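Beneath this line is the structure, given in structure tokens, with notes to follow.
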Amino acid sequence: MHYLSTRGDNTPRKFCDILLEGLAPDGGLYMPAHYPQIDAARLRALREVYRTQGYAVLAFELLSLYIDDIPAPDLRRLCEKTYTPEVFGTRAITPLKKLEDGFYLEELSNGPTLAFKDMAMQLLGNLFEYELARRGEALNILGATSGDTGSAAEYAMRGKRGIRVFMLSPHGRMSPFQQAQMFSLQDANIHNLAIEGVFDDCQDIVKAVSNDLDFKRRYRIGTVNSINWARLLAQVVYYFAGYFQATQAEGEKVSFAVPSGNFGNVCAGHVARMMGLPIDRLVVATNENDVLDEFLRTGVYRVRASRDTHETSSPSMDISKASNFERFIFDLLGRDGARVKALFQDALAQHGQFDLSADPAFAEVRERYGFVSGKSTHADRLATICDVHARFGITIDPHTADGVRVAREYVQPGVPMIVLETALPIKFAATIREALGHEPERPARFEGIENLPRRVQVLPADVQRVKDYIAQHCDS
Ligand SMILES: *Cc1c(COP(=O)(O)O)cnc(C)c1O
């Protein structure tokens with residue numbers, strides 16, 4: 001398998017060439033040259049693999065289709081080391097929880113930081129450590145987080161040899177629990193940088209630093225943001241696992257509803273669907289920051305300015321542009337890199353938007369690719385948390401509530417709907433208190449986490465200041 005850029009750079013690269021990189025040199029995102037096809041017989045075989053050998057081996061089988069530059073026994077060992085009941089809490093790794101007939105939650109949040117990002121990041125930590133050791137190299141990971149990515153990355157990379165993490169987060173905007181999770185890490189290889197701005201400012205700084213190729217090379221900068229292909233690939237696995245749990249046989253279809261921000265999670269669903277997994281609809285749920293819902297309804301992709309990005313009670317979805325969205329547009333436009341470049345580099349820079357409403361491709365978004373969408377507000381979130389608690393005795397987090405809220409608009413008889421549970425409620429206790437009037441359950445290992453000593457540096461939203469900090473803390 002080779003990888004190419006969404007903006008037309010067709011230099012053939014292998015998986016391990018792009019594993020440690022962020023954006024492609026032309027500013028695009030890496031994509032596989034094609035999607036390996038899973039026919040009905042192969043799907044049946046994978047169902048059997050999952051049933052008899054479990055999630056880790058299913059992951060190995062699927063990853064093998066995209067990774068041919070790590071020896072199979074090594075890749076299998078990395079998957080088996082990652083997806084264990086000890087790390088993810090259950091043997092099933094991503095069990096389905098039935099709310100009612102044909103309506104499920106897929107639990108993706110039982111990992112170390114209680115959000116679905118652990119699903120990919122734990123694998124990434126092991127892949128990075130493996131590949132760096134193989135090359136005898138070191139890497140400085142630069143990332144931006146609105147909460148969940150940062151802690152997932154830090155818990156995946158802490159103490160790993162050859163790896164340092166510099167994680168930017170919007171100062172004062174994460175929940176107290178999220179801040180405590182990240183800032184209480186005392187590992188010497190973990191650096192928390194709280195930036196005076198919103199998440200998109202953090203993301204812009206990461207992009208600016210990564211686009212400075214000299215700096216990037218000199219300080220061996222890598223990334224673990226959701227644009228990393230390996231993360232996306234790891235997420236493809238739980239769409240298969242969810243499908244196998246909700247169905248009995250290969251003819252059946254399911255739909256997935258995905259609380260969405262940067263379009264990473266649901267893009268993995270798109271990849272699974274392109275491989276032939278029988279997914280009927282991919283339901284994109286947004287919060288008040290409805291960039292994606294707007295595009296999927298109207299064909300206009302309009303990024304927002306920082307000041308127009310709402311601070312909501314599902315903060316991990318507070319984005320003004322969706323960094324993985326370019327991957328889907330690449331497929332939608334027949335993999336025309338020049339056109340993608342014109343839209344994402346030129347049109348967005350000049351006009352802050354592009355409009356595909358008149359393009360015949362736009363009709364295919366729904367008809368051929370199965371995407372539908374909806375938006376959920378603070379009031380919807382609270383009502384959904386209350387309703388699910390009252391009817392099923394289950395407490396869901398605010399992001400998952402956005403997914404449940406929007407999923408309900410698209411339930412069809414005979415097609416199971418699987419809502420991806422993207423975090424546990426304890427991460428967002430204030431909203432749970434507001435909805436239910438009591439505290440969410442706290443796993444014992446997180447007792448008193450808010451009172452631990454903290455390691456964090458506050459910096460202005462300034463690219464140079466961040467570069468200076470990195471330079472001072474690297475032995476280049
Ligand atoms: C990151 C995150 C999301 C959004 O996922 P994307 O891949 O950015 O679309 C939703 N919910 C939670 C809890 C998250 O951490």
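Ordered as shown in the structure tokens, chains take letters A, B, and onward, while each chain numbers its residues from 1 and ligands are numbered from 1 in the order shown.
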Tell me, counting only C-alpha atoms and all ligand atoms, for each residue of chain A within 6 Å of ligand 1, which pair of atoms is nearest and how far apart they are in Å to one decimal, in rows ordered by chain and increasing number, as CSV.
residue,atom,partner,partner_atom_place_in_ligand_line,distance
A:Ala115,CA,ligand 1,13 (C),5.6
A:Asp148,CA,ligand 1,15 (O),4.5
A:Pro259,CA,ligand 1,10 (C),5.0
A:Ser260,CA,ligand 1,9 (O),3.5
A:Gly261,CA,ligand 1,9 (O),3.7
A:Asn262,CA,ligand 1,8 (O),3.4
A:Phe263,CA,ligand 1,9 (O),3.7
A:Gly264,CA,ligand 1,7 (O),3.4
A:Asn265,CA,ligand 1,7 (O),3.8
A:Ser316,CA,ligand 1,14 (C),4.7
A:Met317,CA,ligand 1,4 (C),5.1
A:His399,CA,ligand 1,11 (N),5.0
A:Thr422,CA,ligand 1,13 (C),4.4
A:Ala423,CA,ligand 1,13 (C),4.4
Okay, now the selection with C-alpha atoms, as a tab-separated table (two decimals), in the first residue's frame?
chain	number	residue	atom	x	y	z
A	115	ALA	CA	-12.58	9.13	25.85
A	148	ASP	CA	-9.50	14.70	24.98
A	259	PRO	CA	-20.56	13.05	17.67
A	260	SER	CA	-18.27	15.05	15.39
A	261	GLY	CA	-15.78	17.87	15.52
A	262	ASN	CA	-12.69	17.48	13.37
A	263	PHE	CA	-14.36	14.77	11.27
A	264	GLY	CA	-11.74	12.19	12.32
A	265	ASN	CA	-14.05	9.68	13.93
A	316	SER	CA	-14.44	18.48	22.31
A	317	MET	CA	-16.63	19.33	19.32
A	399	HIS	CA	-20.95	14.55	23.39
A	422	THR	CA	-17.12	9.20	22.76
A	423	ALA	CA	-16.49	9.95	26.45
Legend entry - Thr384 in chain A surroundings by only C-alpha atoms, 9 Å radius, close-in-sequence under 2 positions cut, as a PyMOL selection string: chain A and resi 379-382+386-389+396+398+401-402+404-405+435
Selection above as a file: N, CA, C and O atoms, as a compact mmCIF listing (two decimals), in the first residue's frame:
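Result written to result-v6.txt:
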# COMPACT_ATOMS: atom_id res chain seq x y z
N ALA A 379 -29.62 22.81 25.21
CA ALA A 379 -30.91 22.33 25.74
C ALA A 379 -31.19 20.89 25.28
O ALA A 379 -31.67 20.06 26.08
N ASP A 380 -30.87 20.59 24.04
CA ASP A 380 -31.05 19.21 23.52
C ASP A 380 -30.20 18.22 24.33
O ASP A 380 -30.63 17.12 24.66
N ARG A 381 -28.98 18.65 24.59
CA ARG A 381 -28.02 17.81 25.32
C ARG A 381 -28.56 17.46 26.70
O ARG A 381 -28.59 16.31 27.10
N LEU A 382 -29.01 18.50 27.42
CA LEU A 382 -29.53 18.28 28.78
C LEU A 382 -30.75 17.37 28.72
O LEU A 382 -30.87 16.42 29.51
N CYS A 386 -31.10 13.57 30.39
CA CYS A 386 -32.19 13.27 31.33
C CYS A 386 -33.02 12.09 30.83
O CYS A 386 -33.34 11.16 31.59
N ASP A 387 -33.37 12.15 29.57
CA ASP A 387 -34.24 11.14 28.99
C ASP A 387 -33.58 9.75 29.03
O ASP A 387 -34.21 8.76 29.44
N VAL A 388 -32.33 9.67 28.63
CA VAL A 388 -31.64 8.38 28.61
C VAL A 388 -31.47 7.87 30.05
O VAL A 388 -31.62 6.67 30.32
N HIS A 389 -31.22 8.77 30.97
CA HIS A 389 -31.08 8.38 32.37
C HIS A 389 -32.41 7.85 32.92
O HIS A 389 -32.48 6.81 33.57
N ILE A 396 -25.11 9.28 30.16
CA ILE A 396 -24.22 9.48 29.00
C ILE A 396 -23.59 10.86 29.09
O ILE A 396 -24.13 11.77 29.72
N PRO A 398 -22.05 14.53 27.55
CA PRO A 398 -22.70 15.52 26.66
C PRO A 398 -22.43 15.29 25.17
O PRO A 398 -23.31 15.58 24.34
N ALA A 401 -24.49 12.48 24.07
CA ALA A 401 -25.88 12.96 24.04
C ALA A 401 -26.18 13.65 22.71
O ALA A 401 -27.26 13.48 22.15
N ASP A 402 -25.24 14.42 22.20
CA ASP A 402 -25.44 15.03 20.87
C ASP A 402 -25.65 13.94 19.82
O ASP A 402 -26.49 14.07 18.93
N VAL A 404 -26.81 10.83 20.33
CA VAL A 404 -28.11 10.18 20.54
C VAL A 404 -29.24 11.08 20.01
O VAL A 404 -30.15 10.62 19.31
N ARG A 405 -29.12 12.36 20.32
CA ARG A 405 -30.15 13.32 19.91
C ARG A 405 -30.33 13.29 18.38
O ARG A 405 -31.45 13.19 17.87
N ALA A 435 -27.90 18.69 34.26
CA ALA A 435 -28.97 17.89 33.66
C ALA A 435 -29.70 17.04 34.70
O ALA A 435 -30.92 16.96 34.70
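Taking CA of Leu65 in chain A as the reference point, CA of Arg366 in chain A is found at 27.1 Å.
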Counting only C-alpha atoms, what are the residues of range 90-167 of chain A within 12 Å of range 197-220 of chain A, and for each of them which pair of atoms is the nearest and at what distance in Å, to one decimal? Sort the table by chain and rising number, as JSON lines.
{"residue": "A:Leu132", "atom": "CA", "partner": "A:Arg220", "partner_atom": "CA", "distance": 11.5}
{"residue": "A:Glu137", "atom": "CA", "partner": "A:Arg220", "partner_atom": "CA", "distance": 9.1}
{"residue": "A:Ala138", "atom": "CA", "partner": "A:Arg220", "partner_atom": "CA", "distance": 7.3}
{"residue": "A:Leu139", "atom": "CA", "partner": "A:Arg220", "partner_atom": "CA", "distance": 5.4}
{"residue": "A:Asn140", "atom": "CA", "partner": "A:Arg220", "partner_atom": "CA", "distance": 5.8}
{"residue": "A:Ile141", "atom": "CA", "partner": "A:Arg220", "partner_atom": "CA", "distance": 8.3}
{"residue": "A:Leu142", "atom": "CA", "partner": "A:Val206", "partner_atom": "CA", "distance": 6.7}
{"residue": "A:Gly143", "atom": "CA", "partner": "A:Val206", "partner_atom": "CA", "distance": 6.4}
{"residue": "A:Ala144", "atom": "CA", "partner": "A:Gln203", "partner_atom": "CA", "distance": 5.3}
{"residue": "A:Thr145", "atom": "CA", "partner": "A:Phe199", "partner_atom": "CA", "distance": 6.6}
{"residue": "A:Ser146", "atom": "CA", "partner": "A:Phe199", "partner_atom": "CA", "distance": 5.5}
{"residue": "A:Gly147", "atom": "CA", "partner": "A:Phe199", "partner_atom": "CA", "distance": 9.2}
{"residue": "A:Asp148", "atom": "CA", "partner": "A:Phe199", "partner_atom": "CA", "distance": 11.8}
{"residue": "A:Thr149", "atom": "CA", "partner": "A:Phe199", "partner_atom": "CA", "distance": 11.5}
{"residue": "A:Gly150", "atom": "CA", "partner": "A:Phe199", "partner_atom": "CA", "distance": 11.5}
{"residue": "A:Gly162", "atom": "CA", "partner": "A:Arg220", "partner_atom": "CA", "distance": 11.0}
{"residue": "A:Ile163", "atom": "CA", "partner": "A:Arg220", "partner_atom": "CA", "distance": 10.2}
{"residue": "A:Arg164", "atom": "CA", "partner": "A:Arg220", "partner_atom": "CA", "distance": 10.2}
{"residue": "A:Val165", "atom": "CA", "partner": "A:Arg220", "partner_atom": "CA", "distance": 11.6}
{"residue": "A:Phe166", "atom": "CA", "partner": "A:Val206", "partner_atom": "CA", "distance": 10.1}
{"residue": "A:Met167", "atom": "CA", "partner": "A:Cys202", "partner_atom": "CA", "distance": 9.2}
Selection above as a file: all heavy atoms, as a short mmCIF file (atom, residue, chain, number, x, y, z; two decimals), in the first residue's frame:
data_model
loop_
_atom_site.label_atom_id
_atom_site.label_comp_id
_atom_site.auth_asym_id
_atom_site.auth_seq_id
_atom_site.Cartn_x
_atom_site.Cartn_y
_atom_site.Cartn_z
N LEU A 132 10.45 4.18 16.01
CA LEU A 132 11.60 5.01 16.41
C LEU A 132 12.77 4.13 16.85
O LEU A 132 13.91 4.40 16.50
CB LEU A 132 11.19 5.99 17.52
CG LEU A 132 10.29 7.13 17.06
CD1 LEU A 132 9.70 7.88 18.25
CD2 LEU A 132 11.04 8.10 16.15
N GLU A 137 15.89 6.61 16.20
CA GLU A 137 15.60 8.05 16.17
C GLU A 137 14.78 8.47 17.38
O GLU A 137 14.26 7.63 18.12
CB GLU A 137 14.80 8.39 14.91
CG GLU A 137 15.63 8.41 13.65
CD GLU A 137 14.78 8.70 12.42
OE1 GLU A 137 13.60 9.07 12.57
OE2 GLU A 137 15.31 8.53 11.31
N ALA A 138 14.65 9.78 17.54
CA ALA A 138 13.78 10.34 18.56
C ALA A 138 12.77 11.27 17.88
O ALA A 138 12.97 11.68 16.74
CB ALA A 138 14.60 11.11 19.58
N LEU A 139 11.70 11.61 18.59
CA LEU A 139 10.65 12.44 18.00
C LEU A 139 10.07 13.37 19.06
O LEU A 139 9.89 12.97 20.21
CB LEU A 139 9.54 11.54 17.45
CG LEU A 139 8.45 12.23 16.64
CD1 LEU A 139 9.00 12.68 15.28
CD2 LEU A 139 7.25 11.31 16.44
N ASN A 140 9.80 14.61 18.64
CA ASN A 140 9.11 15.55 19.51
C ASN A 140 7.71 15.77 18.98
O ASN A 140 7.53 16.33 17.90
CB ASN A 140 9.88 16.87 19.58
CG ASN A 140 11.23 16.66 20.24
OD1 ASN A 140 11.30 16.17 21.36
ND2 ASN A 140 12.30 16.98 19.53
N ILE A 141 6.74 15.32 19.73
CA ILE A 141 5.36 15.39 19.27
C ILE A 141 4.75 16.72 19.66
O ILE A 141 4.78 17.11 20.83
CB ILE A 141 4.54 14.24 19.87
CG1 ILE A 141 5.02 12.92 19.26
CG2 ILE A 141 3.06 14.45 19.62
CD1 ILE A 141 4.51 11.72 20.00
N LEU A 142 4.22 17.41 18.64
CA LEU A 142 3.56 18.68 18.87
C LEU A 142 2.09 18.48 18.56
O LEU A 142 1.75 17.99 17.48
CB LEU A 142 4.18 19.73 17.94
CG LEU A 142 3.56 21.12 17.96
CD1 LEU A 142 3.70 21.75 19.34
CD2 LEU A 142 4.21 21.99 16.89
N GLY A 143 1.23 18.85 19.49
CA GLY A 143 -0.19 18.64 19.26
C GLY A 143 -1.03 19.76 19.81
O GLY A 143 -0.56 20.59 20.59
N ALA A 144 -2.28 19.81 19.36
CA ALA A 144 -3.25 20.77 19.87
C ALA A 144 -4.44 19.98 20.37
O ALA A 144 -4.82 18.98 19.78
CB ALA A 144 -3.69 21.72 18.77
N THR A 145 -5.01 20.44 21.47
CA THR A 145 -6.13 19.69 22.04
C THR A 145 -7.17 20.63 22.60
O THR A 145 -6.85 21.70 23.11
CB THR A 145 -5.64 18.74 23.14
OG1 THR A 145 -6.74 17.96 23.59
CG2 THR A 145 -5.06 19.49 24.33
N SER A 146 -8.43 20.22 22.51
CA SER A 146 -9.46 20.93 23.24
C SER A 146 -9.81 20.12 24.49
O SER A 146 -10.77 20.40 25.17
CB SER A 146 -10.69 21.14 22.36
OG SER A 146 -11.11 19.92 21.83
N GLY A 147 -9.03 19.10 24.75
CA GLY A 147 -9.24 18.32 25.97
C GLY A 147 -8.87 16.87 25.80
O GLY A 147 -7.88 16.39 26.33
N ASP A 148 -9.64 16.15 25.00
CA ASP A 148 -9.50 14.70 24.98
C ASP A 148 -8.26 14.20 24.22
O ASP A 148 -7.63 13.24 24.63
CB ASP A 148 -10.76 14.07 24.41
CG ASP A 148 -11.95 14.34 25.31
OD1 ASP A 148 -11.75 14.43 26.53
OD2 ASP A 148 -13.07 14.45 24.79
N THR A 149 -7.91 14.87 23.13
CA THR A 149 -6.74 14.43 22.37
C THR A 149 -5.48 14.53 23.22
O THR A 149 -4.64 13.64 23.22
CB THR A 149 -6.49 15.32 21.14
OG1 THR A 149 -7.69 15.43 20.41
CG2 THR A 149 -5.42 14.74 20.25
N GLY A 150 -5.36 15.64 23.90
CA GLY A 150 -4.15 15.90 24.67
C GLY A 150 -3.93 14.87 25.74
O GLY A 150 -2.84 14.29 25.85
N GLY A 162 12.46 7.80 23.56
CA GLY A 162 12.65 8.49 22.28
C GLY A 162 11.53 9.46 21.94
O GLY A 162 11.50 10.01 20.85
N ILE A 163 10.58 9.68 22.85
CA ILE A 163 9.44 10.54 22.53
C ILE A 163 9.28 11.63 23.59
O ILE A 163 9.37 11.37 24.79
CB ILE A 163 8.13 9.71 22.47
CG1 ILE A 163 8.26 8.60 21.42
CG2 ILE A 163 6.94 10.61 22.17
CD1 ILE A 163 7.06 7.69 21.33
N ARG A 164 9.08 12.86 23.10
CA ARG A 164 8.73 13.99 23.96
C ARG A 164 7.41 14.55 23.45
O ARG A 164 7.18 14.56 22.24
CB ARG A 164 9.81 15.06 23.83
CG ARG A 164 10.37 15.55 25.13
CD ARG A 164 11.36 16.67 24.90
NE ARG A 164 12.72 16.25 25.20
CZ ARG A 164 13.67 16.02 24.30
NH1 ARG A 164 13.44 16.17 23.02
NH2 ARG A 164 14.87 15.65 24.68
N VAL A 165 6.55 15.03 24.33
CA VAL A 165 5.26 15.58 23.90
C VAL A 165 5.16 17.05 24.30
O VAL A 165 5.43 17.39 25.45
CB VAL A 165 4.08 14.81 24.55
CG1 VAL A 165 2.75 15.44 24.15
CG2 VAL A 165 4.11 13.34 24.14
N PHE A 166 4.81 17.92 23.34
CA PHE A 166 4.48 19.32 23.61
C PHE A 166 3.01 19.50 23.24
O PHE A 166 2.66 19.45 22.06
CB PHE A 166 5.35 20.26 22.78
CG PHE A 166 6.82 20.16 23.13
CD1 PHE A 166 7.65 19.27 22.45
CD2 PHE A 166 7.36 20.94 24.15
CE1 PHE A 166 8.99 19.16 22.78
CE2 PHE A 166 8.71 20.84 24.48
CZ PHE A 166 9.53 19.94 23.80
N MET A 167 2.16 19.66 24.24
CA MET A 167 0.72 19.66 23.96
C MET A 167 0.12 21.03 24.26
O MET A 167 0.18 21.51 25.38
CB MET A 167 0.05 18.58 24.81
CG MET A 167 -1.41 18.34 24.47
SD MET A 167 -1.73 17.93 22.73
CE MET A 167 -0.84 16.38 22.56
#
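Running DSSP on the backbone and keeping only helix (DSSP H, G or I), the residues of range 112-161 of chain A that qualify are Lys117, Asp118, Met119, Ala120, Met121, Gln122, Leu123, Leu124, Gly125, Asn126, Leu127, Phe128, Glu129, Tyr130, Glu131, Leu132, Ala133, Arg134, Arg135, Asp148, Thr149, Gly150, Ser151, Ala152, Ala153, Glu154, Tyr155, Ala156 and Met157 of chain A.
Of the listed residues A:Gly89, A:Gln457, A:Glu441, A:Leu108, the one whose atoms come nearest to Tyr469 in chain A is A:Gln457, with distances taken using only C-alpha atoms.
Using only C-alpha atoms, the protein and nucleic acid residues lying no more than 10 Å from Thr298 in chain A, apart from those fewer than 5 places from it along its own chain, are Leu292, Asp293, Asp355, Leu356, Ser357, Ala358 and Phe362 of chain A.
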I need the chosen residues saved as a PDB file, in the first residue's frame, with N, CA and C atoms.
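Final output, again-v5.pdb:
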ATOM      1  N   LEU A 292     -20.025  21.391   9.931  1.00  0.00           N
ATOM      2  CA  LEU A 292     -20.247  20.162   9.163  1.00  0.00           C
ATOM      3  C   LEU A 292     -21.718  19.988   8.811  1.00  0.00           C
ATOM      4  N   ASP A 293     -22.586  20.250   9.765  1.00  0.00           N
ATOM      5  CA  ASP A 293     -24.020  20.125   9.501  1.00  0.00           C
ATOM      6  C   ASP A 293     -24.422  21.094   8.383  1.00  0.00           C
ATOM      7  N   ASP A 355     -18.258  26.543  -2.067  1.00  0.00           N
ATOM      8  CA  ASP A 355     -19.658  26.192  -2.280  1.00  0.00           C
ATOM      9  C   ASP A 355     -19.746  25.081  -3.322  1.00  0.00           C
ATOM     10  N   LEU A 356     -20.185  23.901  -2.908  1.00  0.00           N
ATOM     11  CA  LEU A 356     -20.343  22.787  -3.852  1.00  0.00           C
ATOM     12  C   LEU A 356     -21.819  22.522  -4.173  1.00  0.00           C
ATOM     13  N   SER A 357     -22.678  23.441  -3.756  1.00  0.00           N
ATOM     14  CA  SER A 357     -24.119  23.162  -3.883  1.00  0.00           C
ATOM     15  C   SER A 357     -24.530  22.930  -5.337  1.00  0.00           C
ATOM     16  N   ALA A 358     -23.834  23.580  -6.275  1.00  0.00           N
ATOM     17  CA  ALA A 358     -24.206  23.433  -7.685  1.00  0.00           C
ATOM     18  C   ALA A 358     -23.452  22.293  -8.377  1.00  0.00           C
ATOM     19  N   PHE A 362     -22.297  17.007  -5.108  1.00  0.00           N
ATOM     20  CA  PHE A 362     -22.908  17.259  -3.795  1.00  0.00           C
ATOM     21  C   PHE A 362     -24.074  16.303  -3.505  1.00  0.00           C
TER      22      PHE A 362
END
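Using only C-alpha atoms, the smallest distance between any of A:Met157, A:Ala194, A:Ile426, A:Val419 and Gly269 in chain A comes from A:Val419.
Using only C-alpha atoms, the nearest neighbour of Val300 in chain A within the list A:Glu48, A:Glu100, A:Asp359, A:Glu409 is A:Asp359.
Across A:Glu154, A:Glu421, A:Asp308, A:Asp346, the tightest approach to Ser184 in chain A is made by A:Glu154 when counting only C-alpha atoms.
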Write down as a compact mmCIF listing (two decimals) with N, CA, C and O atoms, in the first residue's frame the residues belonging to range 352-437 of chain A that are assigned strand (DSSP E) by DSSP computed on the backbone.
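Written output follows (selection12.txt):
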# COMPACT_ATOMS: atom_id res chain seq x y z
N GLN A 353 -14.57 30.23 2.62
CA GLN A 353 -15.61 29.22 2.33
C GLN A 353 -15.50 28.72 0.90
O GLN A 353 -14.81 29.32 0.08
N PHE A 354 -16.14 27.59 0.63
CA PHE A 354 -16.37 27.19 -0.75
C PHE A 354 -17.76 26.59 -0.85
O PHE A 354 -18.36 26.20 0.15
N ASP A 355 -18.26 26.54 -2.07
CA ASP A 355 -19.66 26.19 -2.28
C ASP A 355 -19.75 25.08 -3.32
O ASP A 355 -19.40 25.30 -4.48
N PHE A 371 -23.95 10.06 3.93
CA PHE A 371 -23.86 11.05 5.01
C PHE A 371 -25.16 11.82 5.21
O PHE A 371 -25.75 12.32 4.25
N VAL A 372 -25.59 11.89 6.46
CA VAL A 372 -26.68 12.79 6.85
C VAL A 372 -26.20 13.49 8.13
O VAL A 372 -25.19 13.10 8.71
N SER A 373 -26.93 14.49 8.57
CA SER A 373 -26.41 15.24 9.71
C SER A 373 -27.50 15.92 10.50
O SER A 373 -28.65 16.00 10.07
N GLY A 374 -27.11 16.41 11.66
CA GLY A 374 -28.00 17.21 12.48
C GLY A 374 -27.19 17.93 13.52
O GLY A 374 -26.00 17.66 13.71
N LYS A 375 -27.87 18.83 14.19
CA LYS A 375 -27.20 19.70 15.15
C LYS A 375 -27.93 19.57 16.48
O LYS A 375 -29.15 19.43 16.51
N MET A 417 -29.18 1.16 14.75
CA MET A 417 -28.46 2.43 14.83
C MET A 417 -27.47 2.31 15.99
O MET A 417 -27.85 2.00 17.11
N ILE A 418 -26.20 2.54 15.68
CA ILE A 418 -25.16 2.46 16.71
C ILE A 418 -24.61 3.86 16.94
O ILE A 418 -24.03 4.46 16.03
N VAL A 419 -24.81 4.38 18.16
CA VAL A 419 -24.24 5.68 18.50
C VAL A 419 -22.89 5.45 19.15
O VAL A 419 -22.77 4.65 20.09
N LEU A 420 -21.88 6.11 18.66
CA LEU A 420 -20.55 5.96 19.25
C LEU A 420 -20.47 6.77 20.54
O LEU A 420 -20.70 7.99 20.54
N GLU A 421 -20.17 6.09 21.63
CA GLU A 421 -20.01 6.77 22.92
C GLU A 421 -18.59 7.32 22.97
O GLU A 421 -17.63 6.56 23.04
